[in-house]
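One file, my_file25.tsv, carrying TSV, C-alpha atoms:
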chain	number	residue	atom	x	y	z
A	623	MET	CA	-15.08	-18.49	-15.52
A	624	GLY	CA	-14.74	-14.95	-14.22
A	625	ARG	CA	-11.52	-13.40	-13.01
A	626	ALA	CA	-10.83	-11.05	-10.09
A	627	PHE	CA	-8.62	-7.97	-9.89
A	628	LEU	CA	-7.97	-6.55	-6.40
A	629	ILE	CA	-6.30	-3.16	-6.82
A	630	VAL	CA	-4.89	-1.28	-3.83
A	631	MET	CA	-4.36	2.45	-4.28
A	632	ASP	CA	-1.83	2.72	-1.50
A	633	SER	CA	-2.87	5.22	1.22
A	634	VAL	CA	-6.02	6.49	-0.55
A	635	GLY	CA	-8.15	6.60	2.62
A	636	CYS	CA	-11.51	8.29	3.11
A	637	GLY	CA	-11.61	9.25	6.80
A	638	GLY	CA	-14.13	8.27	9.43
A	639	ALA	CA	-12.22	5.54	11.29
A	640	PRO	CA	-13.92	5.34	14.71
A	641	ASP	CA	-10.58	4.62	16.43
A	642	ALA	CA	-8.63	7.38	14.64
A	643	ALA	CA	-8.17	9.35	17.87
A	644	ALA	CA	-6.20	6.46	19.39
A	645	PHE	CA	-3.66	6.94	16.59
A	646	GLY	CA	-3.64	10.74	16.82
A	647	ASP	CA	-5.55	10.97	13.55
A	648	ALA	CA	-9.08	12.10	14.46
A	649	GLY	CA	-10.32	14.23	11.56
A	650	SER	CA	-7.85	12.99	8.95
A	651	ASN	CA	-9.36	12.26	5.55
A	652	THR	CA	-7.06	11.76	2.58
A	653	LEU	CA	-9.56	11.91	-0.28
A	654	ALA	CA	-11.96	14.48	1.15
A	655	HIS	CA	-9.22	16.90	2.12
A	656	ILE	CA	-7.60	16.62	-1.31
A	657	ALA	CA	-10.98	17.26	-2.97
A	658	GLN	CA	-11.62	20.25	-0.72
A	659	ALA	CA	-8.17	21.69	-1.38
A	660	CYS	CA	-8.65	21.32	-5.13
A	661	ALA	CA	-12.07	22.99	-5.03
A	662	THR	CA	-10.68	26.05	-3.23
A	663	GLY	CA	-7.68	26.51	-5.53
A	664	ARG	CA	-5.11	25.23	-3.03
A	665	ALA	CA	-3.87	22.43	-5.30
A	666	ASP	CA	-3.42	24.15	-8.65
A	667	GLN	CA	0.25	23.29	-9.12
A	668	GLY	CA	0.45	21.29	-12.36
A	669	ARG	CA	-3.32	20.96	-12.47
A	670	LYS	CA	-6.33	23.21	-11.92
A	671	GLY	CA	-9.80	23.24	-10.44
A	672	PRO	CA	-11.93	20.65	-8.64
A	673	LEU	CA	-10.64	17.11	-8.31
A	674	HIS	CA	-11.62	15.29	-11.51
A	675	LEU	CA	-12.03	11.50	-11.14
A	676	PRO	CA	-14.99	10.67	-13.39
A	677	ASN	CA	-14.32	6.95	-13.73
A	678	LEU	CA	-13.82	6.13	-10.05
A	679	ASP	CA	-16.58	8.54	-9.06
A	680	THR	CA	-19.04	6.88	-11.44
A	681	LEU	CA	-18.29	3.58	-9.72
A	682	GLY	CA	-19.07	5.24	-6.36
A	683	LEU	CA	-15.92	6.89	-4.98
A	684	GLY	CA	-17.53	10.14	-3.83
A	685	ALA	CA	-20.45	8.26	-2.30
A	686	ALA	CA	-18.01	5.97	-0.48
A	687	ILE	CA	-16.18	8.94	1.06
A	688	ARG	CA	-19.43	10.50	2.24
A	689	LEU	CA	-20.58	7.18	3.68
A	690	ALA	CA	-17.30	6.65	5.53
A	691	SER	CA	-16.94	10.10	7.03
A	692	GLY	CA	-19.83	12.39	6.15
A	693	ALA	CA	-17.30	14.78	4.62
A	694	GLU	CA	-18.03	17.09	1.70
A	695	THR	CA	-16.57	15.84	-1.58
A	696	PRO	CA	-16.57	18.74	-4.07
A	697	GLY	CA	-16.11	17.48	-7.59
A	698	LEU	CA	-17.01	13.91	-6.60
A	699	ASP	CA	-20.80	13.93	-6.76
A	700	ALA	CA	-21.71	11.34	-9.39
A	701	ARG	CA	-24.57	8.91	-8.86
A	702	PRO	CA	-22.89	5.52	-8.25
A	703	HIS	CA	-23.27	2.92	-10.98
A	704	GLY	CA	-20.88	0.32	-9.57
A	705	LEU	CA	-20.25	-1.52	-6.33
A	706	TRP	CA	-19.50	0.95	-3.57
A	707	GLY	CA	-18.97	1.18	0.17
A	708	ALA	CA	-16.19	1.66	2.71
A	709	ALA	CA	-14.13	-0.72	4.82
A	710	GLN	CA	-12.86	-0.49	8.38
A	711	GLU	CA	-9.70	-2.10	9.77
A	712	VAL	CA	-9.35	-3.89	13.11
A	713	SER	CA	-5.62	-4.67	13.06
A	714	PRO	CA	-3.61	-2.60	15.56
A	715	GLY	CA	-1.69	-0.60	13.01
A	716	LYS	CA	-1.94	1.78	10.07
A	717	ASP	CA	0.80	0.24	7.98
A	718	THR	CA	1.13	-1.57	4.68
A	719	PRO	CA	1.31	-5.22	5.87
A	720	SER	CA	-1.61	-4.83	8.30
A	721	GLY	CA	-3.84	-3.31	5.66
A	722	HIS	CA	-3.00	-5.73	2.87
A	723	TRP	CA	-3.14	-8.86	5.01
A	724	GLU	CA	-6.50	-7.87	6.42
A	725	LEU	CA	-7.86	-7.07	2.95
A	726	ALA	CA	-6.71	-10.58	2.04
A	727	GLY	CA	-8.69	-12.07	4.93
A	728	VAL	CA	-6.17	-12.18	7.80
A	729	PRO	CA	-6.18	-9.53	10.54
A	730	VAL	CA	-2.91	-9.04	12.43
A	731	PRO	CA	-3.17	-11.00	15.73
A	732	TRP	CA	-0.28	-9.29	17.51
A	733	ASP	CA	0.91	-5.81	18.46
A	734	TRP	CA	3.70	-4.58	16.21
A	735	THR	CA	7.00	-3.47	17.70
A	736	TYR	CA	7.69	0.23	17.19
A	737	PHE	CA	10.98	1.95	17.89
A	738	PRO	CA	10.90	4.97	20.24
A	739	ASP	CA	11.23	8.47	18.83
A	740	THR	CA	14.52	9.01	20.61
A	741	VAL	CA	18.18	9.27	19.66
A	742	PRO	CA	19.32	6.55	19.57
A	743	ALA	CA	16.14	4.76	18.46
A	744	PHE	CA	17.56	1.22	18.23
A	745	PRO	CA	18.72	-1.01	21.08
A	746	PRO	CA	22.45	-1.83	21.20
A	747	ASP	CA	22.08	-5.48	20.24
A	748	ILE	CA	20.33	-4.58	16.97
A	749	VAL	CA	23.00	-1.98	16.18
A	750	ALA	CA	25.69	-4.56	16.92
A	751	GLU	CA	24.05	-7.09	14.60
A	752	VAL	CA	23.83	-4.56	11.76
A	753	CYS	CA	27.51	-3.75	12.21
A	754	ARG	CA	28.44	-7.45	12.26
A	755	LEU	CA	26.47	-8.21	9.12
A	756	ALA	CA	27.67	-5.08	7.30
A	757	GLY	CA	31.27	-5.44	8.44
A	758	THR	CA	31.34	-1.86	9.74
A	759	GLU	CA	32.28	-0.26	13.05
A	760	GLY	CA	29.04	1.68	13.35
A	761	ILE	CA	25.84	2.95	11.76
A	762	LEU	CA	24.56	6.41	10.87
A	763	GLY	CA	21.17	7.87	11.70
A	764	ASN	CA	19.72	5.65	14.43
A	765	CYS	CA	16.61	7.79	14.74
A	766	HIS	CA	13.14	8.54	13.35
A	767	ALA	CA	13.46	10.24	9.98
A	768	SER	CA	12.17	10.64	6.45
A	769	GLY	CA	14.30	9.06	3.77
A	770	VAL	CA	15.42	12.02	1.66
A	771	PRO	CA	16.41	14.33	4.55
A	772	ILE	CA	18.37	11.67	6.42
A	773	ILE	CA	20.29	10.67	3.30
A	774	ALA	CA	21.12	14.34	2.69
A	775	GLU	CA	22.29	14.69	6.29
A	776	HIS	CA	24.55	11.63	6.32
A	777	CYS	CA	25.51	11.15	2.67
A	778	GLU	CA	29.07	12.45	2.92
A	779	GLU	CA	29.85	10.48	6.07
A	780	HIS	CA	28.28	7.37	4.52
A	781	LEU	CA	30.53	7.64	1.48
A	782	ARG	CA	33.57	8.34	3.66
A	783	THR	CA	33.05	5.56	6.24
A	784	GLY	CA	30.88	3.01	4.45
A	785	TRP	CA	28.53	2.93	7.44
A	786	PRO	CA	24.88	2.21	6.54
A	787	ILE	CA	22.24	4.87	7.25
A	788	CYS	CA	19.62	3.30	9.54
A	789	TYR	CA	16.33	4.93	10.47
A	790	THR	CA	12.70	4.21	11.32
A	791	SER	CA	9.32	5.93	11.40
A	792	ALA	CA	5.97	5.72	13.16
A	793	ASP	CA	5.50	2.39	11.34
A	794	SER	CA	6.99	-0.90	12.47
A	795	VAL	CA	10.00	-0.68	10.16
A	796	PHE	CA	13.80	-0.73	10.14
A	797	GLN	CA	15.10	1.06	7.04
A	798	ILE	CA	18.64	0.99	5.70
A	799	ALA	CA	19.79	3.48	3.06
A	800	ALA	CA	23.06	2.96	1.20
A	801	HIS	CA	24.71	4.06	-2.03
A	802	GLU	CA	24.23	1.51	-4.81
A	803	GLU	CA	27.78	1.80	-6.13
A	804	ALA	CA	29.87	2.81	-3.12
A	805	PHE	CA	28.21	0.41	-0.66
A	806	GLY	CA	26.83	-1.99	-3.27
A	807	LEU	CA	23.24	-2.89	-4.07
A	808	ASP	CA	23.73	-6.64	-3.59
A	809	ARG	CA	25.49	-6.00	-0.30
A	810	LEU	CA	22.61	-3.80	0.90
A	811	LEU	CA	19.98	-6.37	-0.07
A	812	LYS	CA	21.92	-9.16	1.66
A	813	LEU	CA	22.33	-7.04	4.78
A	814	CYS	CA	18.57	-6.47	4.97
A	815	ALA	CA	17.75	-10.11	4.21
A	816	ASP	CA	20.16	-11.37	6.87
A	817	LEU	CA	18.91	-8.88	9.48
A	818	ALA	CA	15.22	-9.53	8.84
A	819	PRO	CA	14.81	-12.80	10.82
A	820	MET	CA	16.06	-11.15	14.03
A	821	LEU	CA	13.64	-8.23	13.67
A	822	HIS	CA	10.72	-10.35	12.53
A	823	ALA	CA	11.13	-12.46	15.67
A	824	ARG	CA	10.58	-9.24	17.61
A	825	LYS	CA	7.47	-8.41	15.56
A	826	VAL	CA	9.06	-5.61	13.58
A	827	GLY	CA	7.03	-5.70	10.39
A	828	ARG	CA	9.57	-4.84	7.70
A	829	VAL	CA	13.24	-4.35	7.02
A	830	ILE	CA	13.46	-2.06	4.01
A	831	ALA	CA	16.42	-1.58	1.70
A	832	ARG	CA	16.55	2.04	0.48
A	833	PRO	CA	19.28	2.31	-2.18
A	834	PHE	CA	20.30	5.63	-3.69
A	835	THR	CA	22.81	6.83	-6.25
A	836	GLY	CA	24.44	10.01	-7.45
A	837	THR	CA	26.50	12.56	-5.55
A	838	CYS	CA	25.71	13.97	-2.14
A	839	GLY	CA	24.57	17.24	-3.66
A	840	ASP	CA	22.51	15.49	-6.32
A	841	PHE	CA	21.46	12.04	-5.12
A	842	ARG	CA	18.27	10.15	-5.92
A	843	ARG	CA	16.64	7.09	-4.47
A	844	THR	CA	16.39	4.32	-7.04
A	845	PRO	CA	13.55	1.91	-7.91
A	846	ASN	CA	15.55	-0.97	-6.37
A	847	ARG	CA	13.91	-0.62	-2.96
A	848	LYS	CA	13.04	-3.99	-1.47
A	849	ASP	CA	10.86	-4.78	1.53
A	850	PHE	CA	11.68	-7.85	3.65
A	851	ALA	CA	8.34	-8.30	5.39
A	852	ILE	CA	7.31	-10.66	8.14
A	853	ALA	CA	5.17	-13.50	6.78
A	854	PRO	CA	1.39	-13.41	7.27
A	855	PRO	CA	0.26	-15.39	10.33
A	856	ALA	CA	-2.20	-17.55	8.36
A	857	PRO	CA	-3.07	-18.42	4.75
A	858	THR	CA	-4.46	-15.42	2.87
A	859	LEU	CA	-6.66	-14.91	-0.17
A	860	LEU	CA	-3.64	-15.57	-2.38
A	861	ASP	CA	-3.14	-18.96	-0.75
A	862	TRP	CA	-6.85	-19.81	-0.93
A	863	VAL	CA	-6.91	-19.13	-4.66
A	864	GLN	CA	-3.65	-20.89	-5.41
A	865	ARG	CA	-4.64	-23.97	-3.39
A	866	ALA	CA	-7.83	-24.15	-5.45
A	867	GLY	CA	-5.64	-24.64	-8.52
A	868	ARG	CA	-6.05	-21.12	-9.87
A	869	ALA	CA	-3.43	-18.73	-11.19
A	870	THR	CA	-2.34	-15.76	-9.07
A	871	HIS	CA	-0.59	-12.62	-10.28
A	872	ALA	CA	1.08	-10.05	-8.00
A	873	VAL	CA	1.72	-6.55	-9.34
A	874	GLY	CA	4.13	-4.21	-7.56
A	875	LYS	CA	4.90	-4.63	-3.85
A	876	ILE	CA	2.45	-7.51	-3.30
A	877	GLY	CA	5.24	-10.10	-3.49
A	878	ASP	CA	7.21	-8.33	-0.75
A	879	ILE	CA	4.16	-7.72	1.45
A	880	PHE	CA	3.12	-11.39	1.41
A	881	SER	CA	6.66	-12.86	1.48
A	882	MET	CA	5.83	-14.45	-1.91
A	883	ARG	CA	3.28	-16.77	-0.28
A	884	GLY	CA	0.48	-17.78	-2.63
A	885	ILE	CA	1.99	-15.90	-5.56
A	886	GLY	CA	2.35	-17.57	-8.92
A	887	LYS	CA	3.74	-14.76	-11.09
A	888	LEU	CA	5.25	-11.47	-9.94
A	889	TRP	CA	5.20	-8.35	-12.08
A	890	LYS	CA	7.29	-5.35	-11.03
A	891	GLY	CA	8.35	-2.04	-12.54
A	892	LYS	CA	10.25	1.15	-11.90
A	893	SER	CA	7.12	3.26	-11.46
A	894	ASP	CA	3.36	3.07	-11.03
A	895	ALA	CA	3.12	3.82	-14.76
A	896	ASP	CA	5.06	0.63	-15.45
A	897	LEU	CA	2.82	-1.31	-13.07
A	898	PHE	CA	-0.29	0.02	-14.77
A	899	GLU	CA	0.94	-1.41	-18.06
A	900	HIS	CA	1.16	-4.81	-16.35
A	901	LEU	CA	-2.42	-4.38	-15.13
A	902	VAL	CA	-3.66	-3.50	-18.62
A	903	ARG	CA	-1.86	-6.51	-20.09
A	904	LEU	CA	-3.30	-8.81	-17.43
A	905	GLY	CA	-6.75	-7.44	-18.26
A	906	ASP	CA	-6.16	-9.00	-21.67
A	907	GLN	CA	-4.17	-12.08	-20.72
A	908	ALA	CA	-4.89	-13.25	-17.16
A	909	GLU	CA	-6.28	-16.76	-17.04
A	910	ASP	CA	-9.93	-17.62	-16.44
A	911	GLY	CA	-10.61	-17.94	-12.71
A	912	SER	CA	-7.39	-16.12	-11.78
A	913	LEU	CA	-6.66	-13.49	-9.16
A	914	THR	CA	-4.59	-10.40	-9.91
A	915	PHE	CA	-3.59	-8.49	-6.75
A	916	ALA	CA	-1.96	-5.10	-7.44
A	917	ASN	CA	-0.47	-2.31	-5.35
A	918	PHE	CA	0.14	1.22	-6.62
A	919	VAL	CA	2.51	2.70	-4.06
A	920	GLU	CA	3.37	6.15	-5.38
A	921	PHE	CA	0.24	7.82	-3.95
A	922	ASP	CA	1.81	7.03	-0.58
A	923	THR	CA	5.53	7.40	-1.16
A	924	LEU	CA	5.72	10.33	-3.58
A	925	TRP	CA	2.77	12.44	-2.44
A	926	GLY	CA	1.36	11.36	0.93
A	927	HIS	CA	4.50	11.23	3.05
A	928	PRO	CA	5.94	14.46	1.57
A	929	ARG	CA	2.54	16.14	2.20
A	930	ASP	CA	2.17	17.24	-1.41
A	931	VAL	CA	-1.54	17.89	-1.97
A	932	ALA	CA	-1.27	18.98	-5.59
A	933	GLY	CA	1.01	16.06	-6.44
A	934	TYR	CA	-1.41	13.62	-4.84
A	935	ALA	CA	-4.31	15.16	-6.80
A	936	ARG	CA	-2.34	14.90	-10.06
A	937	ALA	CA	-1.57	11.23	-9.35
A	938	LEU	CA	-5.22	10.44	-8.63
A	939	GLU	CA	-6.36	12.19	-11.79
A	940	GLY	CA	-3.72	10.45	-13.88
A	941	PHE	CA	-4.71	7.05	-12.52
A	942	ASP	CA	-8.39	7.74	-13.15
A	943	ALA	CA	-7.77	8.96	-16.70
A	944	ALA	CA	-5.89	5.73	-17.49
A	945	LEU	CA	-8.56	3.44	-16.02
A	946	PRO	CA	-10.63	2.97	-19.22
A	947	ARG	CA	-7.62	1.30	-20.84
A	948	PHE	CA	-7.88	-1.39	-18.15
A	949	LEU	CA	-11.65	-1.56	-17.72
A	950	ASP	CA	-12.23	-1.89	-21.47
A	951	ARG	CA	-10.23	-5.13	-21.42
A	952	LEU	CA	-12.33	-6.82	-18.74
A	953	ARG	CA	-14.71	-9.59	-19.73
A	954	PRO	CA	-18.26	-10.45	-18.71
A	955	GLY	CA	-18.03	-12.24	-15.36
A	956	ASP	CA	-14.90	-10.38	-14.23
A	957	LEU	CA	-14.70	-8.36	-11.03
A	958	ALA	CA	-12.38	-5.40	-10.34
A	959	ILE	CA	-12.27	-3.87	-6.85
A	960	PHE	CA	-10.41	-0.64	-6.08
A	961	THR	CA	-9.57	0.01	-2.45
A	962	ALA	CA	-6.73	1.15	-0.13
A	963	ASP	CA	-4.74	-0.16	2.82
A	964	HIS	CA	-4.71	2.94	5.09
A	965	GLY	CA	-4.68	6.72	4.74
A	966	ASN	CA	-1.88	9.25	4.25
A	967	ASP	CA	-3.62	12.61	4.36
A	968	PRO	CA	-1.31	15.13	2.63
A	969	THR	CA	-2.97	17.97	4.56
A	970	TRP	CA	-2.24	16.33	7.92
A	971	ARG	CA	0.50	17.14	10.41
A	972	GLY	CA	3.69	15.12	10.34
A	973	THR	CA	4.71	12.75	7.56
A	974	GLU	CA	3.16	9.43	8.56
A	975	HIS	CA	0.18	7.30	7.59
A	976	THR	CA	-3.24	8.22	8.95
A	977	ARG	CA	-5.80	5.84	10.47
A	978	GLU	CA	-8.82	5.97	8.15
A	979	ARG	CA	-11.53	3.89	6.61
A	980	VAL	CA	-10.90	3.08	2.95
A	981	PRO	CA	-13.17	3.21	-0.10
A	982	VAL	CA	-14.30	-0.01	-1.74
A	983	VAL	CA	-15.56	0.53	-5.29
A	984	GLY	CA	-15.95	-2.08	-7.95
A	985	TRP	CA	-16.66	-2.89	-11.58
A	986	GLY	CA	-18.45	-6.07	-12.61
A	987	ALA	CA	-20.95	-6.53	-9.77
A	988	GLY	CA	-23.63	-4.18	-11.06
A	989	GLU	CA	-24.96	-1.26	-9.09
A	990	ARG	CA	-24.53	-2.44	-5.50
A	991	ARG	CA	-24.33	-0.47	-2.26
A	992	ILE	CA	-22.41	-2.59	0.25
A	993	GLY	CA	-22.34	-0.03	3.06
A	994	LEU	CA	-19.71	-0.16	5.78
A	995	CYS	CA	-17.85	-3.47	5.84
A	996	ALA	CA	-14.71	-5.02	7.31
A	997	PHE	CA	-11.38	-5.16	5.49
A	998	THR	CA	-11.66	-8.95	5.70
A	999	ASP	CA	-14.98	-8.83	3.83
A	1000	VAL	CA	-13.06	-7.71	0.73
A	1001	GLY	CA	-11.01	-10.92	0.64
A	1002	ALA	CA	-14.06	-13.06	1.40
A	1003	SER	CA	-15.97	-11.36	-1.43
A	1004	VAL	CA	-13.19	-11.90	-3.97
A	1005	ALA	CA	-13.06	-15.56	-2.94
A	1006	ALA	CA	-16.83	-15.85	-3.31
A	1007	HIS	CA	-16.69	-14.32	-6.77
A	1008	LEU	CA	-14.05	-16.86	-7.81
A	1009	GLY	CA	-15.91	-19.78	-6.24
A	1010	VAL	CA	-13.05	-20.41	-3.81
A	1011	ALA	CA	-13.54	-21.21	-0.14
A	1012	SER	CA	-12.47	-18.47	2.27
A	1013	HIS	CA	-10.93	-19.35	5.63
A	1014	GLY	CA	-10.88	-16.05	7.47
A	1015	PRO	CA	-13.41	-14.08	9.53
A	1016	GLY	CA	-14.69	-12.03	6.57
A	1017	ARG	CA	-18.20	-12.24	5.14
A	1018	SER	CA	-18.83	-11.79	1.45
A	1019	PHE	CA	-20.87	-8.86	0.21
A	1020	LEU	CA	-21.27	-10.76	-3.10
A	1021	PRO	CA	-23.14	-13.95	-3.94
A	1022	ALA	CA	-20.91	-17.01	-4.17
A	1023	ALA	CA	-19.98	-18.37	-7.57
A	1024	ALA	CA	-20.02	-22.07	-8.31
A	1025	PRO	CA	-17.31	-23.74	-6.18
A	1026	SER	CA	-14.03	-24.70	-7.76
A	1027	SER	CA	-13.70	-28.29	-8.85
A	1028	ALA	CA	-9.94	-28.17	-8.29

Could the structure of this file be written out as structure tokens, please?
Amino acid sequence: MGRAFLIVMDSVGCGGAPDAAAFGDAGSNTLAHIAQACATGRADQGRKGPLHLPNLDTLGLGAAIRLASGAETPGLDARPHGLWGAAQEVSPGKDTPSGHWELAGVPVPWDWTYFPDTVPAFPPDIVAEVCRLAGTEGILGNCHASGVPIIAEHCEEHLRTGWPICYTSADSVFQIAAHEEAFGLDRLLKLCADLAPMLHARKVGRVIARPFTGTCGDFRRTPNRKDFAIAPPAPTLLDWVQRAGRATHAVGKIGDIFSMRGIGKLWKGKSDADLFEHLVRLGDQAEDGSLTFANFVEFDTLWGHPRDVAGYARALEGFDAALPRFLDRLRPGDLAIFTADHGNDPTWRGTEHTRERVPVVGWGAGERRIGLCAFTDVGASVAAHLGVASHGPGRSFLPAAAPSSA
């Protein structure tokens, strides 16, 4: 019985979303703009020359970008030998939960709550609740910000007063940064967990704990970030597979994104390199008929948001170079799909996600052009491959396997 591996390269979009202008993102294209920058020598820091992704490109990555957006893809011109196409989102957001839930078959049925780009950004009752839960007389920040700069701005006052640093972004998030030792990691995680129900009821997608350590002149954010995400509004691909009696594995942030629903085993690590080792091991060890759902977040967090084109290119090339270690462990009848949840064009203005189509390229389905599809079609196709009934609006671009007897 074949297995399925759904691998999300977080933020690796490919442009062309027809509603990008409504998000202020018309013309954004994460992959194409990185490839173009590399080809013209504008991304030679720590690497050199055209973007080199031979494994993903052989599956159809360059062709998927051109299909999605019509953009030039220098260095990505291989003839596709795998499954390839591009997917388009309908959920009213360009955030992590929206993208992942819709890939897993469930579009977001509501409008997310976003905090205004004002100072203060948060209403008084939310501030009061944070103070009550934290046992403090106030909070710091209370604005739109990026994590590293706002910690640098408020670090000394945070250590002096013990007040948590609270901030948001263009996404539907409430983020709390605090020092792991001075404030306490367990205390920070409890604060976020206790605050989350109030914000989820208001359709704020995530409360995110952002711990850091070190001194104010030399601090660093730690791998102990935790997302407290609102639960999906309906059963997702993970639930469909688990209810059919199959094993499910979540690698990286997937457990947080899906509030642990439908997840059998959770595999986490301190870096994407750690997570890739889990993926390689699961290529060897995952059970017949199982689903492995993985997220590799550092494309987004380390390179997209900071607008680091060369860093993003290095990360893509490193991921691609490691892929044979995973693909060589797959068995006849397995399916591996590589896709993304949104864009984060490092050449774009600002620091936020970008509304884009995403590539869909796959190993194990032969040479197959799927064209433009819906995000939900990805989940339906994985279910079809596993012989599991899908319950969302997606339509499979793969033939159905024999149905599960479970």

Pick out the closest residue to His801 in chain A from this set: A:Leu673, A:Ala818, A:Ala831, A:Leu859. Count only C-alpha atoms. A:Ala831

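When the distance limit is 10 Å and all atoms listed in the file are what count, the residues near Cys838 in chain A, minus those fewer than 2 positions from it on the same chain, are A:Ile773, A:Ala774, A:Glu775, A:His776, A:Cys777, A:Glu778, A:Glu779, A:His780, A:Leu781, A:His801, A:Thr835, A:Gly836, A:Asp840, A:Phe841, A:Arg842.
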
May I have the selected residues written with C-alpha atoms, as a PDB file, in the frame of the given file?
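The resulting again_37.pdb:
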ATOM      1  CA  ILE A 773      20.290  10.670   3.300  1.00  0.00           C
ATOM      2  CA  ALA A 774      21.120  14.340   2.690  1.00  0.00           C
ATOM      3  CA  GLU A 775      22.290  14.690   6.290  1.00  0.00           C
ATOM      4  CA  HIS A 776      24.550  11.630   6.320  1.00  0.00           C
ATOM      5  CA  CYS A 777      25.510  11.150   2.670  1.00  0.00           C
ATOM      6  CA  GLU A 778      29.070  12.450   2.920  1.00  0.00           C
ATOM      7  CA  GLU A 779      29.850  10.480   6.070  1.00  0.00           C
ATOM      8  CA  HIS A 780      28.280   7.370   4.520  1.00  0.00           C
ATOM      9  CA  LEU A 781      30.530   7.640   1.480  1.00  0.00           C
ATOM     10  CA  HIS A 801      24.710   4.060  -2.030  1.00  0.00           C
ATOM     11  CA  THR A 835      22.810   6.830  -6.250  1.00  0.00           C
ATOM     12  CA  GLY A 836      24.440  10.010  -7.450  1.00  0.00           C
ATOM     13  CA  ASP A 840      22.510  15.490  -6.320  1.00  0.00           C
ATOM     14  CA  PHE A 841      21.460  12.040  -5.120  1.00  0.00           C
ATOM     15  CA  ARG A 842      18.270  10.150  -5.920  1.00  0.00           C
TER      16      ARG A 842
END

With distances taken over only C-alpha atoms, which residue among A:Leu705, A:Leu924, A:Ala799, A:Ala665 lies nearest Gly682 in chain A? A:Leu705

Given all atoms listed in the file, how would the per-residue table for range 752-818 of chain A near range 969-976 of chain A read, listing every residue at most 8 Å away with its closest atom pair and distance in Å to one decimal, sorted by chain and number, as a tab-separated table?
residue	atom	partner	partner_atom	distance
A:Ser768	CA	A:Thr973	CA	7.8
A:Ser791	CA	A:Glu974	CA	7.6
A:Ala792	CA	A:Glu974	CA	6.5
A:Asp793	CA	A:Glu974	CA	7.9

Find the residues around Pro857 in chain A up to 10 Å (only C-alpha atoms counted), leave out those fewer than 2 positions away in its own chain, and share them as a list in words. Trp723, Ala726, Gly727, Val728, Ala853, Pro854, Pro855, Leu859, Leu860, Asp861, Trp862, Arg865, Phe880, Arg883, Gly884, Ser1012, His1013 and Gly1014 of chain A

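Residue nearest Phe918 in chain A, chosen from A:Thr718, A:Thr695, A:Gln658, A:Thr758 and counting all atoms listed in the file: A:Thr718.
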
Using all atoms listed in the file, collect all residues at a distance of at most 12 Å from (-14.4, -6.7, 3.8) as written in the file, then present them as a ChimeraX atom specification. /A:706-712,721-729,859,959,961-963,979-983,992-1006,1014-1020

Polymer residues at most 10 Å from Asp679 in chain A, only C-alpha atoms, same-chain spacing of 6 or more positions, as a PDB file with C-alpha atoms, in the frame of the given file:
ATOM      1  CA  ALA A 685     -20.450   8.260  -2.300  1.00  0.00           C
ATOM      2  CA  ALA A 686     -18.010   5.970  -0.480  1.00  0.00           C
ATOM      3  CA  GLY A 697     -16.110  17.480  -7.590  1.00  0.00           C
ATOM      4  CA  LEU A 698     -17.010  13.910  -6.600  1.00  0.00           C
ATOM      5  CA  ASP A 699     -20.800  13.930  -6.760  1.00  0.00           C
ATOM      6  CA  ALA A 700     -21.710  11.340  -9.390  1.00  0.00           C
ATOM      7  CA  ARG A 701     -24.570   8.910  -8.860  1.00  0.00           C
ATOM      8  CA  PRO A 702     -22.890   5.520  -8.250  1.00  0.00           C
ATOM      9  CA  HIS A 703     -23.270   2.920 -10.980  1.00  0.00           C
ATOM     10  CA  GLY A 704     -20.880   0.320  -9.570  1.00  0.00           C
ATOM     11  CA  TRP A 706     -19.500   0.950  -3.570  1.00  0.00           C
ATOM     12  CA  ASP A 942      -8.390   7.740 -13.150  1.00  0.00           C
ATOM     13  CA  VAL A 983     -15.560   0.530  -5.290  1.00  0.00           C
TER      14      VAL A 983
END

As a check of understanding: the span from CA of Gly671 in chain A to CA of Arg688 in chain A is 20.4 Å

Atomic distance CA of Gly933 in chain A - CA of Asp739 in chain A, expressed in Å with one decimal: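 Result for CA of Gly933 in chain A versus CA of Asp739 in chain A: 28.3 Å, one decimal.
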
Give the answer as one residue: which of A:Glu978, A:Asp956, A:Glu803, A:Asp930 has the shortest atom-to-atom distance to Ala644 in chain A, using all atoms listed in the file?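 Smallest separation from Ala644 in chain A among the options: A:Glu978.
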
Pick out the closest residue to Leu888 in chain A from this set: A:His822, A:His927, A:Arg977, A:Lys875. Count only C-alpha atoms.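 Closest candidate: A:Lys875.
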
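Here CA of Trp732 in chain A and CA of Met820 in chain A stand 16.8 Å from one another.
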
Distance criterion (only C-alpha atoms): nearest to Leu952 in chain A out of A:Pro672, A:Gly624, A:Gly684, A:Gly891: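 Of all the options, A:Gly624 lies closest to Leu952 in chain A.
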
When you look at Val634 in chain A with a cut-off of 7 Å (counting only C-alpha atoms), what residues show up, excluding the ones that are within fewer than 5 positions of it in the same chain? I need them as a list in words. Thr652, Leu653, Ala962, His964, Gly965, Asn966 and Val980 of chain A

Set the distance at 12 Å and use all atoms listed in the file: which residues neighbour range 897-904 of chain A once local chain neighbours fewer than 2 positions away are removed? I'd like the list as number ranges by chain. A: 625-631, 869-876, 887-895, 906-910, 912-920, 940-953, 958

Within 10 Å of (7.8, -1.0, 21.4), in the coordinates the file gives, what residues turn up when you count only C-alpha atoms, written out as an NGL selection string? :A and (733-738 or 794 or 824-826)
